[in-house]
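Enquirer: See work03.cif below, with mmCIF, C-alpha atoms.
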data_coords
loop_
_atom_site.label_atom_id
_atom_site.label_comp_id
_atom_site.auth_asym_id
_atom_site.auth_seq_id
_atom_site.Cartn_x
_atom_site.Cartn_y
_atom_site.Cartn_z
CA MET A 1 0.00 0.00 0.00
CA ARG A 2 2.70 2.46 1.02
CA GLU A 3 4.83 1.50 -1.94
CA ALA A 4 1.93 1.89 -4.35
CA PHE A 5 1.26 5.30 -2.83
CA HIS A 6 4.80 6.49 -3.40
CA ASP A 7 4.87 5.16 -6.95
CA GLN A 8 1.72 7.12 -7.73
CA LEU A 9 3.14 10.20 -6.03
CA ASP A 10 6.30 9.89 -8.12
CA ALA A 11 4.15 9.67 -11.23
CA ILE A 12 2.44 12.94 -10.25
CA PHE A 13 5.79 14.67 -9.81
CA THR A 14 6.92 13.32 -13.19
CA ASP A 15 3.78 14.88 -14.68
CA LEU A 16 4.51 18.17 -12.90
CA ALA A 17 8.04 18.26 -14.34
CA GLU A 18 6.61 17.52 -17.80
CA ILE A 19 4.11 20.37 -17.52
CA CYS A 20 6.94 22.64 -16.34
CA GLY A 21 8.81 21.66 -19.53
CA GLN A 22 5.76 22.70 -21.57
CA VAL A 23 5.69 26.03 -19.71
CA GLU A 24 9.39 26.47 -20.51
CA VAL A 25 8.59 26.08 -24.23
CA ALA A 26 5.68 28.53 -23.87
CA VAL A 27 7.88 31.19 -22.23
CA HIS A 28 10.59 30.66 -24.84
CA GLN A 29 8.27 30.86 -27.82
CA ALA A 30 6.28 33.78 -26.40
CA THR A 31 9.53 35.73 -26.11
CA GLU A 32 10.55 34.65 -29.61
CA SER A 33 7.26 35.91 -31.05
CA LEU A 34 7.70 39.14 -29.11
CA LEU A 35 11.21 39.78 -30.44
CA THR A 36 10.55 38.72 -34.03
CA GLY A 37 6.95 39.84 -34.51
CA ASP A 38 6.19 36.37 -35.89
CA ALA A 39 2.43 35.81 -35.56
CA SER A 40 2.64 32.06 -36.21
CA ILE A 41 4.86 31.52 -33.15
CA ALA A 42 2.49 33.62 -31.03
CA GLU A 43 -0.42 31.48 -32.29
CA ALA A 44 1.52 28.32 -31.42
CA VAL A 45 1.89 29.48 -27.80
CA ILE A 46 -1.79 30.38 -27.58
CA SER A 47 -3.02 27.07 -28.99
CA ALA A 48 -0.52 24.93 -27.02
CA ASP A 49 -1.94 26.31 -23.77
CA ALA A 50 -4.86 23.87 -24.10
CA VAL A 51 -2.37 21.01 -23.70
CA ILE A 52 -1.08 22.49 -20.43
CA ASP A 53 -4.67 22.92 -19.22
CA ALA A 54 -5.50 19.30 -20.09
CA ASN A 55 -2.38 18.06 -18.30
CA ARG A 56 -3.31 20.09 -15.25
CA GLU A 57 -6.69 18.35 -15.17
CA ARG A 58 -5.02 14.96 -15.38
CA VAL A 59 -2.71 15.77 -12.45
CA GLU A 60 -5.68 17.03 -10.44
CA ASP A 61 -7.66 13.86 -11.15
CA ASN A 62 -4.71 11.68 -10.16
CA ALA A 63 -4.08 13.68 -6.98
CA PHE A 64 -7.74 13.40 -5.98
CA ALA A 65 -7.72 9.68 -6.67
CA LEU A 66 -4.64 9.37 -4.46
CA LEU A 67 -6.28 11.35 -1.66
CA SER A 68 -9.51 9.34 -1.88
CA LEU A 69 -8.07 5.85 -2.25
CA GLN A 70 -4.93 6.06 -0.12
CA GLN A 71 -6.08 8.51 2.56
CA PRO A 72 -2.61 9.88 3.24
CA VAL A 73 -1.91 11.73 6.50
CA ALA A 74 0.76 14.12 7.78
CA GLY A 75 3.67 14.59 5.35
CA ASP A 76 2.14 12.51 2.57
CA LEU A 77 -1.07 14.51 2.74
CA ARG A 78 0.84 17.78 2.55
CA THR A 79 2.79 16.49 -0.43
CA VAL A 80 -0.33 15.66 -2.43
CA VAL A 81 -1.95 19.00 -1.58
CA SER A 82 1.32 20.76 -2.51
CA ALA A 83 1.23 18.99 -5.88
CA LEU A 84 -2.29 20.34 -6.44
CA ARG A 85 -1.02 23.84 -5.74
CA MET A 86 2.06 23.45 -7.90
CA VAL A 87 0.01 22.40 -10.89
CA SER A 88 -2.25 25.47 -10.48
CA GLU A 89 0.80 27.70 -10.48
CA LEU A 90 2.33 26.00 -13.51
CA GLU A 91 -0.92 26.45 -15.41
CA ARG A 92 -0.93 30.12 -14.45
CA MET A 93 2.64 30.48 -15.77
CA GLY A 94 1.36 29.09 -19.06
CA ASP A 95 -1.46 31.68 -19.07
CA LEU A 96 1.06 34.47 -18.49
CA SER A 97 3.10 33.23 -21.47
CA VAL A 98 -0.09 33.46 -23.52
CA HIS A 99 -0.49 37.08 -22.37
CA VAL A 100 3.04 37.82 -23.64
CA ALA A 101 2.26 36.12 -26.96
CA LYS A 102 -0.97 38.12 -27.30
CA ILE A 103 0.90 41.42 -26.93
CA ALA A 104 3.32 40.19 -29.62
CA ARG A 105 0.40 39.24 -31.89
CA LEU A 106 -1.33 42.58 -31.35
CA ARG A 107 1.67 44.47 -32.79
CA VAL A 108 2.43 42.21 -35.79
CA PRO A 109 4.10 42.99 -38.22
CA ASN A 110 5.77 45.44 -35.84
CA ILE A 111 7.70 44.52 -32.73
CA ALA A 112 6.17 45.60 -29.42
CA VAL A 113 9.51 46.27 -27.74
CA PRO A 114 11.37 49.45 -28.80
CA ASP A 115 15.16 49.20 -29.20
CA SER A 116 15.96 51.40 -26.23
CA VAL A 117 14.36 48.96 -23.76
CA LEU A 118 15.08 45.77 -25.70
CA GLY A 119 18.10 44.81 -23.57
CA THR A 120 16.10 44.96 -20.35
CA ILE A 121 13.13 43.02 -21.71
CA VAL A 122 15.39 40.35 -23.26
CA LYS A 123 17.12 39.99 -19.89
CA MET A 124 13.77 39.67 -18.07
CA ALA A 125 12.66 37.02 -20.54
CA GLU A 126 15.94 35.14 -20.12
CA VAL A 127 15.72 35.23 -16.33
CA ALA A 128 12.10 34.00 -16.45
CA GLU A 129 12.89 31.18 -18.87
CA ASP A 130 15.99 30.18 -16.89
CA MET A 131 13.94 30.05 -13.67
CA VAL A 132 11.30 27.84 -15.31
CA ARG A 133 14.03 25.52 -16.65
CA ARG A 134 15.57 25.23 -13.18
CA VAL A 135 12.19 24.60 -11.56
CA LYS A 136 11.68 21.65 -13.91
CA SER A 137 14.91 20.10 -12.64
CA ILE A 138 14.07 21.08 -9.03
CA ILE A 139 10.76 19.19 -9.32
CA SER A 140 12.37 16.15 -10.99
CA ARG A 141 15.20 15.83 -8.45
CA ARG A 142 13.37 17.29 -5.41
CA ASP A 143 16.46 19.51 -5.24
CA VAL A 144 16.16 21.61 -2.08
CA GLU A 145 19.47 23.43 -2.50
CA ALA A 146 18.67 24.54 -6.04
CA ALA A 147 15.18 25.57 -4.88
CA ILE A 148 16.60 27.82 -2.16
CA GLU A 149 19.09 29.26 -4.67
CA LEU A 150 16.22 30.06 -7.07
CA GLY A 151 14.45 32.16 -4.45
CA ARG A 152 17.54 34.31 -4.04
CA ASP A 153 17.61 35.12 -7.75
CA ASP A 154 14.14 36.61 -7.65
CA GLU A 155 15.78 39.91 -6.68
CA VAL A 156 17.37 40.07 -10.17
CA MET A 157 13.89 40.18 -11.69
CA ASP A 158 12.80 42.96 -9.34
CA GLN A 159 15.84 45.02 -10.36
CA LEU A 160 15.09 44.48 -14.05
CA ARG A 161 11.48 45.52 -13.54
CA ARG A 162 12.63 48.75 -11.84
CA ARG A 163 15.10 49.36 -14.67
CA SER A 164 12.38 48.94 -17.30
CA PHE A 165 10.23 51.52 -15.48
CA ALA A 166 13.17 53.94 -15.27
CA GLU A 167 13.70 53.55 -19.02
CA LEU A 168 10.13 54.11 -20.07
CA LEU A 169 9.62 57.01 -17.67
CA SER A 170 12.87 58.80 -18.63
CA ASP A 171 12.85 62.04 -20.59
CA ASP A 172 14.52 60.17 -23.45
CA TRP A 173 11.46 57.96 -24.02
CA ASN A 174 10.14 58.80 -27.47
CA HIS A 175 8.16 55.67 -28.34
CA GLY A 176 4.83 56.97 -27.12
CA VAL A 177 2.19 55.68 -24.74
CA GLU A 178 1.27 52.43 -26.49
CA ALA A 179 4.81 51.01 -26.35
CA ALA A 180 5.16 52.15 -22.72
CA VAL A 181 1.95 50.34 -21.75
CA ASP A 182 3.11 47.20 -23.58
CA ILE A 183 6.44 47.27 -21.72
CA ALA A 184 4.79 47.83 -18.34
CA LEU A 185 2.45 44.87 -18.88
CA LEU A 186 5.18 42.63 -20.32
CA GLY A 187 7.32 43.42 -17.29
CA ARG A 188 4.43 42.49 -15.04
CA TYR A 189 3.88 39.16 -16.87
CA TYR A 190 7.54 38.10 -16.73
CA GLU A 191 7.73 39.15 -13.08
CA ARG A 192 4.67 37.02 -12.25
CA ILE A 193 6.17 34.03 -14.10
CA ALA A 194 9.26 34.42 -11.90
CA ASP A 195 7.12 34.80 -8.74
CA HIS A 196 5.29 31.56 -9.52
CA ALA A 197 8.59 29.79 -10.28
CA VAL A 198 9.87 30.76 -6.83
CA SER A 199 6.61 29.68 -5.25
CA VAL A 200 6.75 26.24 -6.95
CA ALA A 201 10.39 25.86 -5.84
CA ASN A 202 9.39 26.78 -2.27
CA ARG A 203 6.72 24.08 -2.34
CA VAL A 204 9.36 21.52 -3.33
CA VAL A 205 11.40 22.58 -0.27
CA PHE A 206 8.29 22.17 1.86
CA VAL A 207 7.51 18.74 0.40
CA VAL A 208 11.04 17.46 1.07
CA THR A 209 11.83 19.12 4.41
CA GLY A 210 8.37 19.77 5.88
CA GLU A 211 9.35 23.42 6.39
CA GLN A 212 9.24 26.67 4.48
CA PRO A 213 12.61 27.64 2.98
CA GLN A 214 14.88 29.88 5.09
CA ARG A 215 17.13 32.15 3.05
CA GLY A 216 20.18 33.70 4.65
CA MET B 1 -18.15 11.84 13.29
CA ARG B 2 -19.98 13.01 10.18
CA GLU B 3 -21.71 15.74 12.12
CA ALA B 4 -18.42 16.94 13.63
CA PHE B 5 -16.95 16.98 10.13
CA HIS B 6 -19.70 19.17 8.76
CA ASP B 7 -19.53 21.53 11.72
CA GLN B 8 -15.81 22.01 11.11
CA LEU B 9 -16.40 22.46 7.40
CA ASP B 10 -19.03 25.11 8.17
CA ALA B 11 -16.50 26.86 10.40
CA ILE B 12 -14.02 26.94 7.51
CA PHE B 13 -16.61 28.48 5.21
CA THR B 14 -17.46 31.05 7.88
CA ASP B 15 -13.75 31.93 8.00
CA LEU B 16 -13.64 32.18 4.19
CA ALA B 17 -16.57 34.61 4.21
CA GLU B 18 -14.85 36.65 6.91
CA ILE B 19 -11.62 36.85 4.88
CA CYS B 20 -13.69 37.85 1.85
CA GLY B 21 -15.12 40.68 3.99
CA GLN B 22 -11.57 41.81 4.78
CA VAL B 23 -10.74 41.74 1.06
CA GLU B 24 -13.84 43.85 0.40
CA VAL B 25 -12.51 46.47 2.86
CA ALA B 26 -9.07 46.28 1.20
CA VAL B 27 -10.51 46.88 -2.29
CA HIS B 28 -12.69 49.72 -1.00
CA GLN B 29 -9.87 51.49 0.86
CA ALA B 30 -7.34 50.94 -1.92
CA THR B 31 -9.73 52.69 -4.31
CA GLU B 32 -10.36 55.45 -1.76
CA SER B 33 -6.61 56.09 -1.41
CA LEU B 34 -6.31 56.09 -5.20
CA LEU B 35 -9.07 58.65 -5.70
CA THR B 36 -8.13 60.93 -2.79
CA GLY B 37 -4.32 60.59 -2.76
CA ASP B 38 -4.54 59.93 0.99
CA ALA B 39 -1.35 58.14 2.00
CA SER B 40 -2.68 57.05 5.40
CA ILE B 41 -5.50 55.05 3.79
CA ALA B 42 -3.03 53.42 1.40
CA GLU B 43 -0.84 52.51 4.40
CA ALA B 44 -3.85 51.03 6.17
CA VAL B 45 -4.51 48.68 3.23
CA ILE B 46 -0.85 47.65 3.08
CA SER B 47 -0.57 46.90 6.81
CA ALA B 48 -3.99 45.18 7.05
CA ASP B 49 -2.84 42.63 4.47
CA ALA B 50 -0.92 40.82 7.23
CA VAL B 51 -4.27 40.05 8.89
CA ILE B 52 -5.57 38.45 5.69
CA ASP B 53 -2.36 36.42 5.39
CA ALA B 54 -2.66 35.23 9.02
CA ASN B 55 -6.29 34.25 8.48
CA ARG B 56 -5.35 32.32 5.38
CA GLU B 57 -2.85 30.34 7.41
CA ARG B 58 -5.50 29.56 10.02
CA VAL B 59 -7.91 28.28 7.34
CA GLU B 60 -5.14 26.17 5.81
CA ASP B 61 -4.25 24.66 9.19
CA ASN B 62 -7.91 23.88 9.90
CA ALA B 63 -8.41 22.36 6.44
CA PHE B 64 -5.32 20.16 6.85
CA ALA B 65 -6.48 19.06 10.30
CA LEU B 66 -9.84 18.15 8.79
CA LEU B 67 -8.22 16.15 5.99
CA SER B 68 -5.88 14.35 8.39
CA LEU B 69 -8.32 13.57 11.16
CA GLN B 70 -11.55 12.96 9.27
CA GLN B 71 -10.16 11.48 6.04
CA PRO B 72 -13.03 12.70 3.87
CA VAL B 73 -13.69 11.07 0.48
CA ALA B 74 -15.59 12.00 -2.68
CA GLY B 75 -17.62 15.21 -2.34
CA ASP B 76 -16.38 16.04 1.14
CA LEU B 77 -12.77 15.73 0.02
CA ARG B 78 -13.39 17.99 -2.95
CA THR B 79 -15.05 20.54 -0.69
CA VAL B 80 -12.06 20.75 1.67
CA VAL B 81 -9.60 21.01 -1.24
CA SER B 82 -11.84 23.67 -2.82
CA ALA B 83 -11.71 25.63 0.45
CA LEU B 84 -7.89 25.52 0.30
CA ARG B 85 -8.00 26.94 -3.20
CA MET B 86 -10.57 29.59 -2.35
CA VAL B 87 -8.45 30.89 0.52
CA SER B 88 -5.40 31.16 -1.81
CA GLU B 89 -7.45 33.20 -4.26
CA LEU B 90 -8.86 35.46 -1.53
CA GLU B 91 -5.34 36.12 -0.26
CA ARG B 92 -4.27 36.97 -3.80
CA MET B 93 -7.18 39.44 -4.11
CA GLY B 94 -5.82 41.10 -0.96
CA ASP B 95 -2.35 41.31 -2.55
CA LEU B 96 -3.84 42.94 -5.65
CA SER B 97 -5.57 45.55 -3.44
CA VAL B 98 -2.14 46.26 -1.94
CA HIS B 99 -0.77 46.80 -5.46
CA VAL B 100 -3.52 49.38 -6.09
CA ALA B 101 -2.74 51.10 -2.77
CA LYS B 102 0.97 51.19 -3.62
CA ILE B 103 0.31 52.99 -6.90
CA ALA B 104 -1.82 55.48 -4.94
CA ARG B 105 0.98 55.96 -2.39
CA LEU B 106 3.61 56.41 -5.10
CA ARG B 107 1.76 59.47 -6.49
CA VAL B 108 0.90 61.19 -3.18
CA PRO B 109 0.11 64.11 -2.87
CA ASN B 110 -1.08 63.81 -6.46
CA ILE B 111 -3.78 61.49 -7.70
CA ALA B 112 -2.64 58.73 -10.05
CA VAL B 113 -5.82 58.78 -12.16
CA PRO B 114 -6.24 61.72 -14.59
CA ASP B 115 -9.72 63.24 -14.90
CA SER B 116 -10.29 62.03 -18.44
CA VAL B 117 -10.14 58.36 -17.44
CA LEU B 118 -11.51 58.77 -13.90
CA GLY B 119 -15.02 57.60 -14.81
CA THR B 120 -13.76 54.33 -16.26
CA ILE B 121 -11.42 53.56 -13.35
CA VAL B 122 -14.11 54.41 -10.77
CA LYS B 123 -16.46 52.06 -12.59
CA MET B 124 -13.85 49.26 -12.65
CA ALA B 125 -13.24 49.73 -8.93
CA GLU B 126 -16.99 49.67 -8.23
CA VAL B 127 -17.49 46.49 -10.26
CA ALA B 128 -14.56 44.80 -8.49
CA GLU B 129 -15.78 45.80 -5.03
CA ASP B 130 -19.35 44.78 -5.85
CA MET B 131 -18.15 41.36 -7.05
CA VAL B 132 -16.15 40.83 -3.84
CA ARG B 133 -19.17 41.83 -1.73
CA ARG B 134 -21.37 39.36 -3.64
CA VAL B 135 -18.79 36.59 -3.31
CA LYS B 136 -18.86 37.02 0.46
CA SER B 137 -22.60 36.38 0.46
CA ILE B 138 -22.21 33.55 -2.09
CA ILE B 139 -19.75 31.81 0.25
CA SER B 140 -21.94 32.37 3.35
CA ARG B 141 -25.12 31.10 1.72
CA ARG B 142 -23.55 28.63 -0.73
CA ASP B 143 -25.67 30.52 -3.26
CA VAL B 144 -25.29 28.74 -6.61
CA GLU B 145 -27.65 31.02 -8.52
CA ALA B 146 -25.83 34.18 -7.42
CA ALA B 147 -22.50 32.51 -8.22
CA ILE B 148 -23.59 31.74 -11.79
CA GLU B 149 -24.89 35.31 -12.14
CA LEU B 150 -21.52 36.69 -10.98
CA GLY B 151 -19.67 34.88 -13.75
CA ARG B 152 -21.88 36.53 -16.32
CA ASP B 153 -20.95 40.00 -15.06
CA ASP B 154 -17.27 39.41 -15.67
CA GLU B 155 -17.83 40.64 -19.22
CA VAL B 156 -18.56 44.13 -17.83
CA MET B 157 -15.03 44.27 -16.42
CA ASP B 158 -13.55 43.21 -19.78
CA GLN B 159 -15.45 46.01 -21.53
CA LEU B 160 -14.21 48.56 -18.99
CA ARG B 161 -10.64 47.38 -19.43
CA ARG B 162 -10.93 47.80 -23.21
CA ARG B 163 -12.45 51.25 -22.72
CA SER B 164 -9.56 52.32 -20.45
CA PHE B 165 -7.08 51.23 -23.12
CA ALA B 166 -8.98 53.14 -25.79
CA GLU B 167 -8.87 56.25 -23.61
CA LEU B 168 -5.19 56.16 -22.83
CA LEU B 169 -4.20 55.30 -26.40
CA SER B 170 -6.40 58.00 -27.98
CA ASP B 171 -4.90 61.08 -29.62
CA ASP B 172 -6.52 63.18 -26.88
CA TRP B 173 -4.36 61.61 -24.16
CA ASN B 174 -2.18 64.39 -22.79
CA HIS B 175 -1.25 63.03 -19.36
CA GLY B 176 2.02 61.46 -20.41
CA VAL B 177 3.54 58.01 -20.10
CA GLU B 178 3.62 57.68 -16.32
CA ALA B 179 -0.14 58.13 -15.90
CA ALA B 180 -0.79 55.77 -18.82
CA VAL B 181 1.35 53.05 -17.23
CA ASP B 182 -0.42 53.56 -13.89
CA ILE B 183 -3.82 53.20 -15.57
CA ALA B 184 -2.76 50.08 -17.50
CA LEU B 185 -1.52 48.41 -14.32
CA LEU B 186 -4.51 49.53 -12.23
CA GLY B 187 -6.81 48.10 -14.90
CA ARG B 188 -4.90 44.84 -14.75
CA TYR B 189 -5.16 44.67 -10.94
CA TYR B 190 -8.93 45.33 -10.85
CA GLU B 191 -9.45 42.85 -13.68
CA ARG B 192 -7.52 40.16 -11.76
CA ILE B 193 -9.55 40.85 -8.60
CA ALA B 194 -12.69 40.27 -10.68
CA ASP B 195 -11.21 37.10 -12.25
CA HIS B 196 -10.48 35.66 -8.82
CA ALA B 197 -13.96 36.62 -7.59
CA VAL B 198 -15.48 34.65 -10.46
CA SER B 199 -13.17 31.74 -9.76
CA VAL B 200 -14.13 31.65 -6.06
CA ALA B 201 -17.81 31.80 -7.03
CA ASN B 202 -17.27 28.92 -9.48
CA ARG B 203 -15.73 26.86 -6.69
CA VAL B 204 -18.84 27.43 -4.56
CA VAL B 205 -20.94 26.07 -7.44
CA PHE B 206 -18.64 23.06 -7.64
CA VAL B 207 -18.80 22.47 -3.87
CA VAL B 208 -22.61 22.55 -3.85
CA THR B 209 -23.42 20.80 -7.13
CA GLY B 210 -20.29 18.71 -7.77
CA GLU B 211 -20.07 20.23 -11.23
CA GLN B 212 -18.47 23.23 -12.90
CA PRO B 213 -20.96 26.04 -13.56
CA GLN B 214 -22.70 26.08 -16.95
CA ARG B 215 -23.61 29.52 -18.18
CA GLY B 216 -26.24 29.93 -20.89
#
Could you express the structure from this file as structure tokens?
Expert:
Amino acid sequence: MREAFHDQLDAIFTDLAEICGQVEVAVHQATESLLTGDASIAEAVISADAVIDANRERVEDNAFALLSLQQPVAGDLRTVVSALRMVSELERMGDLSVHVAKIARLRVPNIAVPDSVLGTIVKMAEVAEDMVRRVKSIISRRDVEAAIELGRDDEVMDQLRRRSFAELLSDDWNHGVEAAVDIALLGRYYERIADHAVSVANRVVFVVTGEQPQRG
Amino acid sequence: MREAFHDQLDAIFTDLAEICGQVEVAVHQATESLLTGDASIAEAVISADAVIDANRERVEDNAFALLSLQQPVAGDLRTVVSALRMVSELERMGDLSVHVAKIARLRVPNIAVPDSVLGTIVKMAEVAEDMVRRVKSIISRRDVEAAIELGRDDEVMDQLRRRSFAELLSDDWNHGVEAAVDIALLGRYYERIADHAVSVANRVVFVVTGEQPQRG
């Protein structure tokens, strides 16, 4: 019984890592569509989101089945409930990638990001994608050290967000209101992807250690 | 045993309604600080968020205790897990109110919302607050009909968001980039509060009927 339980739990975490891989692709392609103005890539992100949603439902069904049939308590119970929360956050990260892709699509054949702020937005996108990639490995390996490390890097995203605001609110900004609004929202979406990545990593720490991560 | 379970479940839903009431106050005061430029009201929203966070933790602890000790299955299990999700969403609605209050605080002693778009933002804030107020009653009464009705009204918020974009991207906009970015982000925050309100209402439908809401 216990062994069957842990096999099924492992299968759920394998599914979570797989969904995280799909989110990684979504973030990558959303950024690609944003930087190239390629509508077909934006469309690919938007339509692939249904796969993430379907996988979320499967994980939820499996987690409920595990709760109902195996009646876990204490640490095992918290692990299954944590998995339910992780899958909600991963799905949300997929939705945020769709929001990025929709801004890209809205500006086709132009590119939503003006040159003067391109460096900052590219960096934000890279940080977000890198965090999602690391979360996938953190889930697969239940890697507490890497999870704690990820939380520390969240500060980089905050700095980039502040830099993007400084750029679009400077006197040199001559790309108008529409581009400024796009940048502000894109910054918000990448920041939220990073927030969710940290939150998923924190849940892995909690699942393994039974405690919230402490960062020195 | 069953009776004790349902008493404890009722207590959790009473707590959820209470937290929803605190979110209602947060949304109301955040809007007030935004429209008056009163820093002390913005500060009140920001500091009161700790109370919402603490209440969320209490609900989570109670829900886990219920899962561990009573080992619910089927509908009862789904209800407890739904309560865990509802409390996450309510906490998030509190965070979004804090974001609104922080924009208000950033512009003190000025008011972040220019006159020309004031009507639209006031309307968005009213719709958001009204939805939160109705969700509180939907949770208290497990009111499926009102929950389904709430989901229909989400379209109003979408229309207002589109109108705010039209206003700040029009040729008449002469309030500069900073105000436009504030309005875009404020619109996003109110829209997300409304999204979460609908989601919480949908969970009430699911708890009562065992099915996702169908809207004709």
Enquirer: Using only C-alpha atoms and a cut-off of 6 Å, which residues of chain A sit close to chain B? Please list them as a ChimeraX atom specification.
Expert: /A:68,73,177,181
Enquirer: Apply the PyMOL selection byres ((chain A and resi 49-62) around 10) to the structure shown and report the selected residues as a PyMOL selection string.
Expert: chain A and resi 8-9+11-16+18-23+26+44-48+63-68+80-81+83-95+97-98
Enquirer: Could you check which of B:Thr31, B:Ser82, B:Ser116, B:Gln214 is closest to Asp172 of chain B, using all atoms listed in the file?
Expert: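 So, comparing all the options, the nearest one is B:Ser116.
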Enquirer: Compile the contact shell of Asp153 of chain B as a list in words: residues with an atom at most 9 Å away, counting only C-alpha atoms, same-chain residues fewer than 5 positions apart removed.
Expert: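 That gives Val127, Met131 and Val198 of chain B.
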Enquirer: Would you put the residues from that selection into a file with C-alpha atoms, as a PDB file, in the coordinates of the input?
Expert:
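For reference, selection.pdb as written:
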ATOM      1  CA  VAL B 127     -17.490  46.490 -10.260  1.00  0.00           C
ATOM      2  CA  MET B 131     -18.150  41.360  -7.050  1.00  0.00           C
ATOM      3  CA  VAL B 198     -15.480  34.650 -10.460  1.00  0.00           C
TER       4      VAL B 198
END
Enquirer: In Å, with one decimal, what is the gap from atom CA of Glu211 of chain B to atom CA of Ser199 of chain A?
Expert: 28.9 Å
Enquirer: Please write as a list in words the full residue list that the PyMOL selection byres ((chain A and resi 113) around 8) yields on this file.
Expert: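 With the PyMOL selection byres ((chain A and resi 113) around 8) on this model, the match is Leu34, Leu35, Ile111, Ala112, Pro114, Asp115, Val117, Leu118, Ile121, Ala179, Asp182 and Ile183 of chain A.
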Enquirer: Using all atoms listed in the file, determine which residues lie at most 7 Å from segment 139-148 of chain B, disregarding the query and same-chain residues fewer than 2 positions distant; provide the list as a PyMOL selection string.
Expert: chain B and resi 13-14+17+135-137+150-152+201-202+204-205+208+213+215
Enquirer: Could those residues be written to a file, using C-alpha atoms, as a PDB file, in the frame of the given file?
Expert:
ATOM      1  CA  PHE B  13     -16.610  28.480   5.210  1.00  0.00           C
ATOM      2  CA  THR B  14     -17.460  31.050   7.880  1.00  0.00           C
ATOM      3  CA  ALA B  17     -16.570  34.610   4.210  1.00  0.00           C
ATOM      4  CA  VAL B 135     -18.790  36.590  -3.310  1.00  0.00           C
ATOM      5  CA  LYS B 136     -18.860  37.020   0.460  1.00  0.00           C
ATOM      6  CA  SER B 137     -22.600  36.380   0.460  1.00  0.00           C
ATOM      7  CA  LEU B 150     -21.520  36.690 -10.980  1.00  0.00           C
ATOM      8  CA  GLY B 151     -19.670  34.880 -13.750  1.00  0.00           C
ATOM      9  CA  ARG B 152     -21.880  36.530 -16.320  1.00  0.00           C
ATOM     10  CA  ALA B 201     -17.810  31.800  -7.030  1.00  0.00           C
ATOM     11  CA  ASN B 202     -17.270  28.920  -9.480  1.00  0.00           C
ATOM     12  CA  VAL B 204     -18.840  27.430  -4.560  1.00  0.00           C
ATOM     13  CA  VAL B 205     -20.940  26.070  -7.440  1.00  0.00           C
ATOM     14  CA  VAL B 208     -22.610  22.550  -3.850  1.00  0.00           C
ATOM     15  CA  PRO B 213     -20.960  26.040 -13.560  1.00  0.00           C
ATOM     16  CA  ARG B 215     -23.610  29.520 -18.180  1.00  0.00           C
TER      17      ARG B 215
END
